[in-house]
>>> print(open('run_36.cif').read())   # mmCIF, C-alpha atoms
data_input
#
loop_
_atom_site.label_atom_id
_atom_site.label_comp_id
_atom_site.auth_asym_id
_atom_site.auth_seq_id
_atom_site.Cartn_x
_atom_site.Cartn_y
_atom_site.Cartn_z
CA PRO A 1128 31.30 18.67 15.42
CA TYR A 1129 31.93 19.48 19.13
CA VAL A 1130 30.68 16.04 20.13
CA ASP A 1131 32.93 14.48 17.48
CA VAL A 1132 35.94 16.38 18.83
CA CYS A 1133 35.19 15.18 22.36
CA THR A 1134 34.78 11.60 21.15
CA ALA A 1135 38.07 11.74 19.26
CA LEU A 1136 39.94 13.19 22.24
CA ARG A 1137 38.45 10.60 24.56
CA LEU A 1138 39.63 7.83 22.21
CA VAL A 1139 43.12 9.35 22.03
CA ALA A 1140 43.34 9.43 25.83
CA GLU A 1141 42.05 5.86 26.13
CA ARG A 1142 44.43 4.46 23.50
CA ALA A 1143 47.53 6.65 23.86
CA SER A 1144 49.49 4.14 25.93
CA SER A 1145 49.04 1.45 23.25
CA PHE A 1146 50.99 3.75 20.88
CA GLY A 1147 53.64 4.71 23.41
CA GLY A 1148 51.97 7.97 24.44
CA ASP A 1149 51.08 9.23 27.88
CA PRO A 1150 47.28 9.43 28.26
CA ARG A 1151 47.73 12.07 30.98
CA ARG A 1152 49.53 14.45 28.62
CA VAL A 1153 47.27 14.97 25.60
CA VAL A 1154 47.89 18.17 23.63
CA VAL A 1155 45.34 19.38 21.11
CA GLY A 1156 45.38 22.07 18.47
CA GLY A 1157 43.65 23.22 15.36
CA HIS A 1158 43.33 25.93 12.76
CA SER A 1159 40.28 28.10 12.17
CA ALA A 1160 37.13 26.14 13.10
CA GLY A 1161 39.35 23.30 14.34
CA GLY A 1162 41.11 25.71 16.70
CA HIS A 1163 37.77 26.96 17.97
CA LEU A 1164 36.58 23.40 18.66
CA ALA A 1165 39.89 22.45 20.30
CA ALA A 1166 39.68 25.48 22.60
CA LEU A 1167 36.04 24.80 23.40
CA ALA A 1168 36.72 21.18 24.37
CA THR A 1169 39.78 22.16 26.41
CA LEU A 1170 38.25 25.07 28.31
CA LYS A 1171 35.02 23.24 29.05
CA ARG A 1172 37.14 20.38 30.41
CA ALA A 1173 35.37 17.93 28.14
CA ILE A 1174 38.41 15.67 28.29
CA PRO A 1175 40.40 15.87 31.55
CA ALA A 1176 43.50 14.39 29.86
CA VAL A 1177 44.01 17.48 27.69
CA ARG A 1178 46.93 19.44 29.18
CA ALA A 1179 47.52 22.03 26.50
CA CYS A 1180 45.79 23.58 23.52
CA PHE A 1181 47.18 25.65 20.65
CA PRO A 1182 44.40 27.13 18.53
CA VAL A 1183 45.49 29.12 15.47
CA SER A 1184 43.55 31.81 13.57
CA CYS A 1185 40.16 31.27 15.15
CA SER A 1186 37.37 33.17 16.84
CA PHE A 1187 36.78 32.50 20.51
CA ASP A 1188 33.85 34.76 21.22
CA LEU A 1189 30.81 34.09 19.04
CA GLN A 1190 28.56 36.42 21.04
CA TYR A 1191 28.01 39.18 18.49
CA GLY A 1192 24.73 40.57 19.75
CA ASP A 1193 22.45 42.54 17.46
CA VAL A 1194 24.16 42.51 14.07
CA PRO A 1195 22.85 42.81 10.51
CA PRO A 1196 21.75 39.39 9.22
CA ASP A 1197 23.80 39.73 6.03
CA SER A 1198 27.06 40.52 7.87
CA ASN A 1199 29.70 37.85 8.60
CA GLU A 1200 28.63 37.85 12.22
CA GLY A 1201 24.97 37.59 11.23
CA ARG A 1202 25.75 34.53 9.14
CA VAL A 1203 27.16 32.86 12.27
CA TYR A 1204 23.72 33.14 13.85
CA ARG A 1205 21.94 32.04 10.71
CA TYR A 1206 24.06 28.99 9.87
CA LEU A 1207 25.55 27.78 13.15
CA PHE A 1208 22.86 28.17 15.77
CA ALA A 1209 19.29 26.99 16.02
CA ARG A 1210 18.73 29.72 18.66
CA ARG A 1211 20.63 32.99 19.24
CA GLU A 1212 21.13 32.05 22.89
CA GLN A 1213 23.50 29.27 21.83
CA ASP A 1214 26.23 31.83 21.11
CA ARG A 1215 27.40 31.87 24.74
CA GLU A 1216 27.59 28.10 25.03
CA ALA A 1217 29.56 27.87 21.77
CA SER A 1218 32.15 30.46 22.83
CA PRO A 1219 35.26 29.12 24.52
#
>>> encode(input="run_36.cif", output="structure tokens")
Amino acid sequence: PYVDVCTALRLVAERASSFGGDPRRVVVGGHSAGGHLAALATLKRAIPAVRACFPVSCSFDLQYGDVPPDSNEGRVYRYLFARREQDREASP
């Protein structure tokens, strides 16, 4: 999904002027997982054209450490990451 977000934002920046937009003033936002991905792409400077981001109701820090596997945080490790070490990279 992160790669898809970056691809979509890159396309928006490339094509904004053809729709009357300013490619140097892209604003991105999202709710829940979409907000997390928007923040991740913005803070990692994946797309230089992004000037503002408004994430809503999302988690930014996915570094939960040693948590029970059946907890909500444990499910993040089980379902989202191939390796526990990926939690830092996935946290905006």
>>> resolve_selection(input="run_36.cif", expression="the PyMOL selection byres ((chain A and resi 1203-1210) around 12)", output="MDAnalysis selection string")
chainID A and resid 1128 1160 1186 1188:1202 1211:1218
>>> atom_distance(input="run_36.cif", atom1="CA of Val1139 in chain A", atom2="CA of Pro1219 in chain A")
21.4 Å
>>> closest_residue(input="run_36.cif", among="A:Leu1167, A:Ala1176, A:Val1130, A:Ala1135", to="Pro1150 in chain A", atoms="only C-alpha atoms")
A:Ala1176
>>> residues_near_point(input="run_36.cif", point="(49.7, 9.9, 28.7)", cutoff="10 Å", atoms="all atoms listed in the file", output="list in words")
Val1139, Ala1140, Glu1141, Arg1142, Ala1143, Ser1144, Gly1147, Gly1148, Asp1149, Pro1150, Arg1151, Arg1152, Val1153, Val1154, Ala1176, Val1177 and Arg1178 of chain A
>>> atom_distance(input="run_36.cif", atom1="CA of His1163 in chain A", atom2="CA of Pro1182 in chain A")
6.7 Å
>>> closest_residue(input="run_36.cif", among="A:Cys1133, A:Gly1162, A:Phe1187, A:Ser1145", to="Ile1174 in chain A", atoms="only C-alpha atoms")
A:Cys1133
>>> resolve_selection(input="run_36.cif", expression="the PyMOL selection byres ((chain A and resi 1183) around 9)", output="list in words")
Gly1156, Gly1157, His1158, Ser1159, Gly1161, Gly1162, His1163, Phe1181, Pro1182, Ser1184 and Cys1185 of chain A
>>> write_last_selection(input="run_36.cif", atoms="C-alpha atoms", output="short mmCIF file (atom, residue, chain, number, x, y, z; two decimals), in the coordinates of the input")
data_model
loop_
_atom_site.label_atom_id
_atom_site.label_comp_id
_atom_site.auth_asym_id
_atom_site.auth_seq_id
_atom_site.Cartn_x
_atom_site.Cartn_y
_atom_site.Cartn_z
CA GLY A 1156 45.38 22.07 18.47
CA GLY A 1157 43.65 23.22 15.36
CA HIS A 1158 43.33 25.93 12.76
CA SER A 1159 40.28 28.10 12.17
CA GLY A 1161 39.35 23.30 14.34
CA GLY A 1162 41.11 25.71 16.70
CA HIS A 1163 37.77 26.96 17.97
CA PHE A 1181 47.18 25.65 20.65
CA PRO A 1182 44.40 27.13 18.53
CA SER A 1184 43.55 31.81 13.57
CA CYS A 1185 40.16 31.27 15.15
#
>>> atom_distance(input="run_36.cif", atom1="CA of Leu1164 in chain A", atom2="CA of Arg1137 in chain A")
14.2 Å
